[in-house]
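**Student:** What follows is work_25.txt; its format and atoms are compact mmCIF, C-alpha atoms.
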# COMPACT_ATOMS: atom_id res chain seq x y z
CA MET A 1 -10.50 25.73 12.30
CA ASN A 2 -9.32 23.73 15.33
CA PHE A 3 -6.90 26.19 16.95
CA GLN A 4 -6.02 23.80 19.77
CA GLU A 5 -4.84 21.20 17.28
CA ILE A 6 -3.01 23.73 15.08
CA PHE A 7 -1.07 25.33 17.92
CA GLU A 8 -0.42 22.19 19.95
CA PRO A 9 3.35 21.58 19.85
CA PRO A 10 4.48 18.50 17.93
CA ALA A 11 5.23 15.43 20.02
CA LEU A 12 8.93 15.84 19.24
CA ARG A 13 9.00 18.95 21.46
CA GLU A 14 7.34 17.13 24.35
CA VAL A 15 9.71 14.17 23.95
CA THR A 16 12.70 16.53 24.14
CA LEU A 17 11.46 18.15 27.36
CA ARG A 18 10.63 14.84 29.05
CA VAL A 19 13.96 13.24 28.21
CA ALA A 20 15.88 16.33 29.35
CA LYS A 21 14.23 16.14 32.78
CA LEU A 22 15.49 12.55 33.11
CA ASN A 23 18.97 13.41 31.82
CA GLY A 24 18.32 10.76 29.21
CA VAL A 25 19.31 10.23 25.60
CA ASN A 26 17.27 12.20 23.09
CA LEU A 27 17.14 10.74 19.58
CA GLY A 28 13.84 12.48 18.93
CA GLN A 29 14.31 16.09 17.81
CA GLY A 30 16.63 16.57 14.82
CA VAL A 31 18.79 19.28 16.33
CA CYS A 32 22.07 17.93 14.86
CA LEU A 33 24.60 17.70 17.68
CA LEU A 34 27.70 17.20 15.57
CA PRO A 35 30.51 19.80 15.65
CA SER A 36 30.23 22.80 13.35
CA PRO A 37 33.14 23.64 11.01
CA GLU A 38 35.70 25.82 12.78
CA ILE A 39 35.93 28.09 9.76
CA ILE A 40 32.36 29.31 10.14
CA LEU A 41 32.59 29.60 13.93
CA ASP A 42 35.65 31.81 13.53
CA ALA A 43 33.96 33.76 10.76
CA ALA A 44 30.92 34.44 12.96
CA ASN A 45 33.14 35.77 15.74
CA THR A 46 35.04 37.93 13.27
CA ALA A 47 31.84 39.32 11.75
CA VAL A 48 30.49 40.32 15.15
CA HIS A 49 33.70 42.11 16.10
CA LYS A 50 33.93 43.81 12.72
CA GLY A 51 30.57 45.42 13.42
CA PHE A 52 28.27 43.43 11.09
CA ASN A 53 25.54 43.69 13.69
CA THR A 54 22.92 45.89 12.03
CA TYR A 55 20.13 45.02 9.62
CA ALA A 56 21.11 43.19 6.47
CA PRO A 57 19.36 43.96 3.16
CA PRO A 58 15.93 42.24 3.00
CA GLN A 59 17.19 39.90 0.29
CA GLY A 60 20.30 38.93 2.29
CA ILE A 61 23.92 40.08 2.09
CA GLU A 62 25.46 40.00 -1.37
CA SER A 63 28.32 37.60 -0.58
CA LEU A 64 25.96 34.93 0.78
CA ARG A 65 23.56 35.15 -2.13
CA VAL A 66 26.48 34.92 -4.56
CA ALA A 67 27.80 31.86 -2.72
CA ILE A 68 24.38 30.15 -2.65
CA ALA A 69 23.77 30.86 -6.33
CA LYS A 70 27.16 29.39 -7.23
CA ARG A 71 26.43 26.27 -5.19
CA LEU A 72 23.01 25.94 -6.81
CA ASN A 73 24.73 25.97 -10.20
CA THR A 74 27.49 23.49 -9.38
CA PHE A 75 25.82 21.02 -6.99
CA ASN A 76 22.09 21.35 -7.71
CA ARG A 77 22.50 22.08 -11.43
CA ILE A 78 19.98 24.91 -11.25
CA PRO A 79 21.09 27.79 -13.54
CA TYR A 80 20.21 30.60 -11.15
CA GLU A 81 21.85 34.00 -10.70
CA THR A 82 22.32 35.94 -7.48
CA GLU A 83 19.03 37.78 -8.09
CA ASN A 84 17.13 34.49 -7.85
CA VAL A 85 18.20 33.96 -4.23
CA LEU A 86 16.49 35.26 -1.09
CA VAL A 87 18.13 34.65 2.30
CA THR A 88 15.55 33.67 4.92
CA ALA A 89 15.24 32.91 8.62
CA GLY A 90 15.97 29.25 8.13
CA SER A 91 14.06 27.07 5.68
CA THR A 92 11.02 27.59 7.90
CA GLY A 93 11.16 31.29 7.11
CA ALA A 94 11.25 30.53 3.39
CA LEU A 95 8.25 28.20 3.67
CA GLU A 96 6.26 30.72 5.69
CA VAL A 97 6.95 33.52 3.20
CA VAL A 98 5.77 31.35 0.29
CA SER A 99 2.69 30.19 2.19
CA GLU A 100 1.74 33.71 3.24
CA THR A 101 2.24 35.06 -0.28
CA LEU A 102 0.46 32.39 -2.30
CA LEU A 103 -2.26 30.93 -0.08
CA GLN A 104 -5.51 32.07 1.42
CA ALA A 105 -8.24 30.32 3.37
CA GLY A 106 -10.20 27.86 1.23
CA ASP A 107 -7.33 27.01 -1.11
CA GLU A 108 -6.05 23.46 -1.49
CA VAL A 109 -2.49 22.15 -1.27
CA VAL A 110 -0.92 18.75 -1.88
CA LEU A 111 1.34 17.17 0.72
CA PHE A 112 2.93 13.72 0.86
CA ARG A 113 2.23 11.64 3.99
CA PRO A 114 4.06 10.84 6.28
CA PHE A 115 4.92 14.52 6.51
CA TYR A 116 7.11 16.85 8.53
CA PRO A 117 4.65 18.24 11.13
CA TYR A 118 5.72 21.86 10.64
CA HIS A 119 4.67 21.57 6.98
CA SER A 120 1.16 20.42 7.86
CA LYS A 121 0.73 22.94 10.68
CA MET A 122 1.88 25.78 8.42
CA PHE A 123 -0.88 24.95 5.96
CA ALA A 124 -3.44 24.43 8.72
CA ARG A 125 -2.78 27.92 10.10
CA LYS A 126 -3.63 29.35 6.68
CA GLY A 127 -6.99 27.57 6.72
CA VAL A 128 -6.30 25.64 3.53
CA LYS A 129 -7.37 22.08 2.77
CA ILE A 130 -4.57 19.53 2.56
CA ASN A 131 -4.95 16.75 -0.01
CA PHE A 132 -2.60 13.99 1.08
CA VAL A 133 -0.73 11.63 -1.21
CA GLU A 134 0.24 8.50 0.68
CA LEU A 135 3.81 7.21 0.74
CA LYS A 136 3.47 3.43 0.91
CA TYR A 137 5.27 1.38 3.56
CA PRO A 138 8.03 0.13 3.47
CA ASP A 139 9.57 1.62 0.28
CA TRP A 140 7.66 4.90 0.57
CA ASN A 141 6.64 5.02 -3.09
CA PHE A 142 3.45 6.78 -4.15
CA ASP A 143 0.67 6.00 -6.62
CA PRO A 144 0.88 8.38 -9.62
CA ASP A 145 -2.89 8.18 -10.08
CA GLU A 146 -3.40 9.24 -6.48
CA LEU A 147 -1.24 12.30 -7.06
CA ALA A 148 -3.19 13.18 -10.21
CA ARG A 149 -6.45 12.96 -8.23
CA ALA A 150 -5.07 15.06 -5.39
CA ILE A 151 -4.44 18.00 -7.72
CA THR A 152 -7.78 19.75 -8.26
CA PRO A 153 -8.86 23.07 -9.83
CA ASN A 154 -8.54 24.59 -6.32
CA THR A 155 -4.96 23.44 -5.79
CA LYS A 156 -2.61 26.38 -5.32
CA LEU A 157 0.58 24.67 -4.16
CA VAL A 158 2.33 21.28 -4.03
CA LEU A 159 5.07 20.55 -1.48
CA VAL A 160 7.81 17.95 -2.01
CA ASN A 161 10.53 17.22 0.54
CA THR A 162 13.58 15.30 -0.71
CA PRO A 163 15.47 13.76 1.01
CA HIS A 164 12.32 13.26 3.02
CA ASN A 165 11.65 13.80 6.70
CA PRO A 166 10.70 11.46 8.37
CA THR A 167 11.03 8.49 5.98
CA GLY A 168 14.44 9.24 4.47
CA LYS A 169 13.02 8.69 0.98
CA VAL A 170 15.06 10.19 -1.86
CA PHE A 171 12.65 11.01 -4.68
CA THR A 172 13.85 9.72 -8.04
CA GLU A 173 14.27 11.81 -11.17
CA SER A 174 11.24 10.18 -12.78
CA GLU A 175 9.08 10.84 -9.71
CA LEU A 176 10.12 14.48 -9.55
CA GLN A 177 9.60 14.95 -13.28
CA PHE A 178 6.13 13.40 -13.02
CA ILE A 179 5.16 15.70 -10.13
CA GLY A 180 6.62 18.75 -11.85
CA ASP A 181 4.94 18.03 -15.19
CA HIS A 182 1.55 17.90 -13.48
CA CYS A 183 2.25 21.26 -11.85
CA VAL A 184 3.32 22.77 -15.18
CA LYS A 185 0.09 21.60 -16.84
CA ARG A 186 -1.98 23.27 -14.11
CA ASN A 187 0.39 26.25 -13.66
CA ILE A 188 0.76 25.38 -9.96
CA PRO A 189 3.91 26.33 -8.02
CA VAL A 190 5.68 23.47 -6.26
CA ILE A 191 7.89 23.91 -3.20
CA SER A 192 10.92 21.65 -3.26
CA ASP A 193 12.22 21.46 0.33
CA GLU A 194 15.81 20.20 0.01
CA VAL A 195 17.40 20.86 3.40
CA TYR A 196 18.97 17.37 3.57
CA GLU A 197 20.40 17.55 0.06
CA TYR A 198 23.93 16.49 1.06
CA MET A 199 22.78 13.37 2.89
CA THR A 200 22.05 10.55 0.43
CA TYR A 201 23.33 7.00 0.85
CA ASP A 202 24.30 3.90 -1.10
CA GLY A 203 25.33 5.80 -4.21
CA ARG A 204 22.10 7.78 -4.54
CA LYS A 205 22.35 11.32 -5.85
CA HIS A 206 20.24 14.24 -4.78
CA ILE A 207 18.21 15.69 -7.63
CA SER A 208 16.80 19.21 -7.44
CA MET A 209 13.43 19.43 -9.11
CA ALA A 210 14.23 22.87 -10.60
CA SER A 211 17.10 21.30 -12.54
CA LEU A 212 14.78 19.06 -14.56
CA PRO A 213 13.54 19.90 -18.08
CA GLY A 214 10.67 22.38 -18.23
CA LEU A 215 10.24 22.80 -14.47
CA GLN A 216 12.31 25.84 -13.56
CA ASP A 217 9.43 28.29 -13.92
CA VAL A 218 7.18 26.54 -11.38
CA VAL A 219 9.63 25.24 -8.76
CA LEU A 220 10.46 27.17 -5.60
CA THR A 221 13.60 25.64 -4.08
CA VAL A 222 13.96 25.86 -0.31
CA GLY A 223 17.29 25.14 1.35
CA SER A 224 19.20 25.67 4.57
CA TYR A 225 22.67 25.34 6.00
CA SER A 226 21.30 24.44 9.43
CA LYS A 227 21.86 20.73 8.93
CA THR A 228 24.73 20.92 6.44
CA PHE A 229 26.93 22.90 8.83
CA ALA A 230 25.31 21.68 12.09
CA ILE A 231 24.10 25.18 12.99
CA THR A 232 20.38 24.61 13.51
CA GLY A 233 20.15 27.53 15.94
CA TRP A 234 21.55 30.08 13.49
CA ARG A 235 18.45 30.17 11.26
CA ILE A 236 20.13 30.77 7.92
CA GLY A 237 18.10 29.41 5.01
CA TYR A 238 17.19 30.48 1.53
CA LEU A 239 14.52 30.52 -1.14
CA ALA A 240 15.56 30.25 -4.79
CA ALA A 241 12.83 31.12 -7.24
CA PRO A 242 12.08 32.54 -10.70
CA LEU A 243 12.64 36.27 -11.05
CA SER A 244 8.93 36.71 -11.78
CA MET A 245 8.15 35.69 -8.18
CA ILE A 246 11.17 36.51 -6.04
CA ASN A 247 10.39 40.22 -5.52
CA ASN A 248 7.03 39.46 -3.89
CA PHE A 249 8.68 36.97 -1.56
CA ARG A 250 11.40 39.48 -0.71
CA THR A 251 8.84 42.14 0.23
CA LEU A 252 7.00 39.81 2.58
CA ASN A 253 10.24 38.45 4.04
CA ASP A 254 11.16 42.04 4.94
CA GLN A 255 7.76 42.70 6.52
CA ILE A 256 7.76 39.53 8.64
CA TYR A 257 11.40 38.85 9.51
CA VAL A 258 13.32 42.01 8.39
CA CYS A 259 16.41 39.85 7.90
CA ALA A 260 18.21 36.71 9.00
CA PRO A 261 21.01 37.33 11.58
CA THR A 262 23.56 39.52 9.81
CA PRO A 263 26.88 38.28 11.28
CA LEU A 264 25.80 34.67 10.81
CA GLN A 265 25.05 35.36 7.14
CA HIS A 266 28.67 36.44 6.74
CA ALA A 267 29.87 33.28 8.47
CA VAL A 268 27.78 30.93 6.33
CA ALA A 269 28.99 32.72 3.19
CA LYS A 270 32.55 32.03 4.33
CA GLY A 271 31.77 28.36 4.84
CA ILE A 272 30.18 27.91 1.42
CA GLU A 273 33.04 29.71 -0.27
CA GLU A 274 35.94 27.97 1.45
CA LEU A 275 34.92 24.51 2.67
CA PRO A 276 36.18 21.92 0.14
CA ASP A 277 34.15 19.09 -1.35
CA SER A 278 35.89 16.77 1.10
CA TYR A 279 33.92 18.40 3.94
CA TYR A 280 30.62 17.26 2.46
CA GLU A 281 32.03 13.84 1.59
CA ASN A 282 33.44 13.27 5.07
CA ARG A 283 30.26 14.37 6.77
CA LEU A 284 28.24 11.99 4.60
CA ALA A 285 30.58 9.11 5.46
CA GLU A 286 30.13 9.99 9.13
CA TYR A 287 26.34 9.85 8.79
CA ALA A 288 26.54 6.55 6.92
CA SER A 289 28.53 5.05 9.80
CA LYS A 290 26.03 6.30 12.36
CA ARG A 291 23.16 4.96 10.24
CA ALA A 292 24.73 1.49 10.26
CA TYR A 293 25.34 1.59 14.02
CA LEU A 294 21.80 2.67 14.89
CA HIS A 295 20.27 0.15 12.49
CA GLU A 296 22.17 -2.66 14.18
CA ALA A 297 21.26 -1.39 17.67
CA LEU A 298 17.54 -1.11 16.92
CA SER A 299 17.40 -4.42 15.06
CA SER A 300 19.19 -6.20 17.91
CA ALA A 301 16.65 -4.72 20.33
CA GLY A 302 13.78 -6.23 18.32
CA PHE A 303 12.61 -3.23 16.31
CA ASN A 304 11.95 -3.39 12.57
CA ALA A 305 14.49 -0.71 11.65
CA LEU A 306 14.37 0.69 8.10
CA LYS A 307 17.58 2.05 6.60
CA PRO A 308 16.84 5.50 5.17
CA GLN A 309 17.89 6.48 1.65
CA GLY A 310 18.72 9.99 2.80
CA ALA A 311 18.57 12.58 5.64
CA TYR A 312 19.58 11.55 9.18
CA TYR A 313 16.48 9.90 10.61
CA MET A 314 15.64 6.23 10.97
CA LEU A 315 12.14 4.79 11.27
CA ALA A 316 11.69 1.67 13.36
CA GLY A 317 8.51 -0.39 13.39
CA THR A 318 7.20 -1.31 16.84
CA SER A 319 4.46 -3.85 16.08
CA GLU A 320 6.71 -6.92 16.21
CA LYS A 321 8.29 -6.06 19.58
CA PHE A 322 5.25 -4.44 21.18
CA PRO A 323 2.12 -6.01 19.61
CA GLY A 324 -1.07 -4.20 20.43
CA MET A 325 0.67 -0.99 21.53
CA THR A 326 0.46 2.30 19.65
CA SER A 327 3.57 4.26 18.71
CA GLU A 328 2.68 6.84 21.37
CA GLN A 329 2.57 4.14 24.03
CA VAL A 330 5.92 2.72 22.92
CA SER A 331 7.44 6.23 22.90
CA ASP A 332 6.21 6.72 26.48
CA LEU A 333 7.65 3.35 27.46
CA LEU A 334 11.05 4.20 26.01
CA ILE A 335 11.15 7.48 27.90
CA ASP A 336 9.96 6.06 31.22
CA LYS A 337 11.89 2.77 31.23
CA ALA A 338 14.95 3.47 29.09
CA HIS A 339 15.23 7.28 29.34
CA LEU A 340 15.42 7.32 25.55
CA GLY A 341 13.56 9.73 23.31
CA ALA A 342 12.02 8.91 19.92
CA VAL A 343 9.10 10.53 18.10
CA PRO A 344 5.86 8.54 17.55
CA ALA A 345 4.30 8.03 14.12
CA SER A 346 1.29 10.18 14.98
CA ASP A 347 3.44 13.31 14.64
CA PHE A 348 3.94 12.53 10.95
CA LEU A 349 0.61 11.00 9.94
CA GLY A 350 -2.18 13.03 11.50
CA SER A 351 -5.34 11.00 10.93
CA VAL A 352 -4.05 7.50 10.29
CA VAL A 353 -5.44 5.26 7.58
CA LYS A 354 -7.39 2.47 9.28
CA GLY A 355 -5.78 -0.92 9.18
CA ASP A 356 -2.41 0.48 8.10
CA THR A 357 -0.77 -0.71 11.31
CA LYS A 358 2.75 -1.15 9.93
CA ARG A 359 2.88 2.43 8.72
CA SER A 360 1.19 3.86 11.81
CA ASN A 361 3.28 1.97 14.39
CA PHE A 362 6.78 3.35 14.05
CA LEU A 363 9.15 5.64 15.90
CA ARG A 364 11.53 8.16 14.36
CA PHE A 365 15.09 8.21 15.69
CA CYS A 366 17.67 10.89 14.85
CA TYR A 367 21.30 9.83 14.52
CA ALA A 368 22.89 13.27 14.00
CA VAL A 369 24.52 12.90 17.40
CA PRO A 370 28.00 12.01 18.70
CA ASP A 371 29.00 8.34 18.66
CA GLU A 372 29.00 8.18 22.46
CA THR A 373 25.35 9.27 22.44
CA LEU A 374 24.47 6.42 20.10
CA GLU A 375 26.37 4.05 22.39
CA ARG A 376 24.33 5.24 25.38
CA ALA A 377 21.15 4.79 23.35
CA LYS A 378 22.12 1.18 22.57
CA GLN A 379 22.77 0.51 26.25
CA ASN A 380 19.45 2.06 27.23
CA LEU A 381 17.57 0.00 24.66
CA ALA A 382 18.72 -3.11 26.54
CA LYS A 383 16.64 -1.95 29.53
CA ILE A 384 13.40 -2.81 27.74
Represent the structure from my file as structure tokens, please.

**Tutor:**
Amino acid sequence: MNFQEIFEPPALREVTLRVAKLNGVNLGQGVCLLPSPEIILDAANTAVHKGFNTYAPPQGIESLRVAIAKRLNTFNRIPYETENVLVTAGSTGALEVVSETLLQAGDEVVLFRPFYPYHSKMFARKGVKINFVELKYPDWNFDPDELARAITPNTKLVLVNTPHNPTGKVFTESELQFIGDHCVKRNIPVISDEVYEYMTYDGRKHISMASLPGLQDVVLTVGSYSKTFAITGWRIGYLAAPLSMINNFRTLNDQIYVCAPTPLQHAVAKGIEELPDSYYENRLAEYASKRAYLHEALSSAGFNALKPQGAYYMLAGTSEKFPGMTSEQVSDLLIDKAHLGAVPASDFLGSVVKGDTKRSNFLRFCYAVPDETLERAKQNLAKI
């Protein structure tokens, strides 16, 4: 096990620190700098002053689990009850609890590449082997035969992220059904990481894998309100799973985290219960507008910008504008010359497939920022 590689911070952290020192524009880390709904900010303040400042139950407070279960039924079309829901310390907490419960050194897992670096590092810390399934540039589709080969007798877990970070791919119903059916045949749990579920564009609809025929018993749905409510620092996520598995996850969640922040659980419950559908619709329209603005800015600056299907990240190819330079070199150039932060492809690919220069030479930009920040980014791009 290469501990230096496992515990080395992702490039997105370094980009954030470097840009901050320059007082630049950071479109690297996906912190989501949009305003949070006033209703949940007020509810958090109220909860603190009402004395909800002690430990919450290990499974999460009742009102939040009820609210999440209701939302899972109405939006995600997953017929879960309150008992199926475990509140976690962000979606990361949910993923760690599942990994710690189900995996041990020597096991194998399946992960789609490009990947979110915290997914790959989580598995690496457990000492498991990752079998990658490649998402093909530029549409980010995968080869079904490659997935079938990646699942072996030693496979203990498959992880799917939709909408996908970093590509913005929204997995289709047929793709999710295909993945799920393979897991059912092998009796392999599949994590469905759906933290960007409310961010899908051009008429696309988010589909939860656990809502599809025959898959509910193998799918572990991971969600979070960090991005939905622009509260990434609150660390309120959840794991929704079959009753046959949820108690084990709850026990480990208690042992590792004890609970997610109690007053903030009350506030998120208030937001889920009382924010109307128009909140989600308006926020999506806002993201769509920012997506269009950033796409035009990057394209005008000579990058090969790809409009994402979902989430709030945009990939931009660098080969045409900077031939012969790696994505790391272009990221450094942007920081040094334009005081603009973006994350290089290496953070999401690990060992790159040789010759796959279009897929390996891109930067990831985050547009979950105020409009004036995007305007500054466009101005800074002109400096290179």

**Student:** From the list A:Ser99, A:Thr373, A:Asn161, A:Thr172, which residue is nearest Asn248 of chain A when using all atoms listed in the file?

**Tutor:**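 Comparing A:Ser99, A:Thr373, A:Asn161, A:Thr172 against Asn248 of chain A, the winner is A:Ser99.
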
**Student:** Compare A:Leu95, A:Tyr293, A:Glu134, A:Ala305 by their minimum atom-to-atom distance to Lys321 of chain A, counting only C-alpha atoms, and give me the closest one.

**Tutor:**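 With only C-alpha atoms as the atom set, the closest residue is A:Ala305.
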
**Student:** I'd like the contact shell of Gln216 of chain A - 12 Å cut-off, only C-alpha atoms, skipping same-chain residues fewer than 5 positions apart - returned as a list in words.

**Tutor:**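 These residues fall inside the cut-off: Arg77, Ile78, Pro79, Tyr80, Asn84, Gln177, Gly180, Asp181, Cys183, Val184, Asn187, Pro189, Val190, Ile191, Ser192, Ser208, Met209, Ala210, Ser211, Thr221, Ala240, Ala241, Pro242, Leu243, Ser244 and Met245 of chain A.
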
**Student:** Record the distance separating atom CA of Lys378 of chain A and atom CA of Lys136 of chain A, expressed in Å with one decimal.

**Tutor:**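 Separation between atom CA of Lys378 of chain A and atom CA of Lys136 of chain A: 28.7 Å.
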
**Student:** Could you pull the residues within 10 Å of segment 144-160 of chain A, counting all atoms listed in the file, minus those fewer than 3 positions along the same chain, as a PDB file with C-alpha atoms, keeping the file's coordinate frame?

**Tutor:**
ATOM      1  CA  LEU A  95       8.250  28.200   3.670  1.00  0.00           C
ATOM      2  CA  VAL A  98       5.770  31.350   0.290  1.00  0.00           C
ATOM      3  CA  SER A  99       2.690  30.190   2.190  1.00  0.00           C
ATOM      4  CA  LEU A 102       0.460  32.390  -2.300  1.00  0.00           C
ATOM      5  CA  LEU A 103      -2.260  30.930  -0.080  1.00  0.00           C
ATOM      6  CA  GLN A 104      -5.510  32.070   1.420  1.00  0.00           C
ATOM      7  CA  GLY A 106     -10.200  27.860   1.230  1.00  0.00           C
ATOM      8  CA  ASP A 107      -7.330  27.010  -1.110  1.00  0.00           C
ATOM      9  CA  GLU A 108      -6.050  23.460  -1.490  1.00  0.00           C
ATOM     10  CA  VAL A 109      -2.490  22.150  -1.270  1.00  0.00           C
ATOM     11  CA  VAL A 110      -0.920  18.750  -1.880  1.00  0.00           C
ATOM     12  CA  LEU A 111       1.340  17.170   0.720  1.00  0.00           C
ATOM     13  CA  PHE A 112       2.930  13.720   0.860  1.00  0.00           C
ATOM     14  CA  PHE A 115       4.920  14.520   6.510  1.00  0.00           C
ATOM     15  CA  HIS A 119       4.670  21.570   6.980  1.00  0.00           C
ATOM     16  CA  VAL A 128      -6.300  25.640   3.530  1.00  0.00           C
ATOM     17  CA  LYS A 129      -7.370  22.080   2.770  1.00  0.00           C
ATOM     18  CA  ILE A 130      -4.570  19.530   2.560  1.00  0.00           C
ATOM     19  CA  ASN A 131      -4.950  16.750  -0.010  1.00  0.00           C
ATOM     20  CA  PHE A 132      -2.600  13.990   1.080  1.00  0.00           C
ATOM     21  CA  VAL A 133      -0.730  11.630  -1.210  1.00  0.00           C
ATOM     22  CA  GLU A 134       0.240   8.500   0.680  1.00  0.00           C
ATOM     23  CA  ASN A 141       6.640   5.020  -3.090  1.00  0.00           C
ATOM     24  CA  PRO A 163      15.470  13.760   1.010  1.00  0.00           C
ATOM     25  CA  HIS A 164      12.320  13.260   3.020  1.00  0.00           C
ATOM     26  CA  PHE A 171      12.650  11.010  -4.680  1.00  0.00           C
ATOM     27  CA  GLU A 175       9.080  10.840  -9.710  1.00  0.00           C
ATOM     28  CA  LEU A 176      10.120  14.480  -9.550  1.00  0.00           C
ATOM     29  CA  PHE A 178       6.130  13.400 -13.020  1.00  0.00           C
ATOM     30  CA  ILE A 179       5.160  15.700 -10.130  1.00  0.00           C
ATOM     31  CA  GLY A 180       6.620  18.750 -11.850  1.00  0.00           C
ATOM     32  CA  HIS A 182       1.550  17.900 -13.480  1.00  0.00           C
ATOM     33  CA  CYS A 183       2.250  21.260 -11.850  1.00  0.00           C
ATOM     34  CA  ARG A 186      -1.980  23.270 -14.110  1.00  0.00           C
ATOM     35  CA  ASN A 187       0.390  26.250 -13.660  1.00  0.00           C
ATOM     36  CA  ILE A 188       0.760  25.380  -9.960  1.00  0.00           C
ATOM     37  CA  PRO A 189       3.910  26.330  -8.020  1.00  0.00           C
ATOM     38  CA  VAL A 190       5.680  23.470  -6.260  1.00  0.00           C
ATOM     39  CA  ILE A 191       7.890  23.910  -3.200  1.00  0.00           C
ATOM     40  CA  SER A 192      10.920  21.650  -3.260  1.00  0.00           C
ATOM     41  CA  ASP A 193      12.220  21.460   0.330  1.00  0.00           C
ATOM     42  CA  GLU A 194      15.810  20.200   0.010  1.00  0.00           C
ATOM     43  CA  MET A 209      13.430  19.430  -9.110  1.00  0.00           C
ATOM     44  CA  VAL A 218       7.180  26.540 -11.380  1.00  0.00           C
ATOM     45  CA  VAL A 219       9.630  25.240  -8.760  1.00  0.00           C
ATOM     46  CA  LEU A 220      10.460  27.170  -5.600  1.00  0.00           C
ATOM     47  CA  THR A 221      13.600  25.640  -4.080  1.00  0.00           C
TER      48      THR A 221
END

**Student:** Using only C-alpha atoms, which of the listed residues (A:Val15, A:Glu328, A:Lys290, A:Pro344) sits closest to Glu372 of chain A?

**Tutor:**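 Of all the options, A:Lys290 lies closest to Glu372 of chain A.
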
**Student:** Could you check how far atom CA of Tyr196 of chain A sits from atom CA of Gly30 of chain A, in Å to one decimal?

**Tutor:**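 A separation of 11.5 Å between them.
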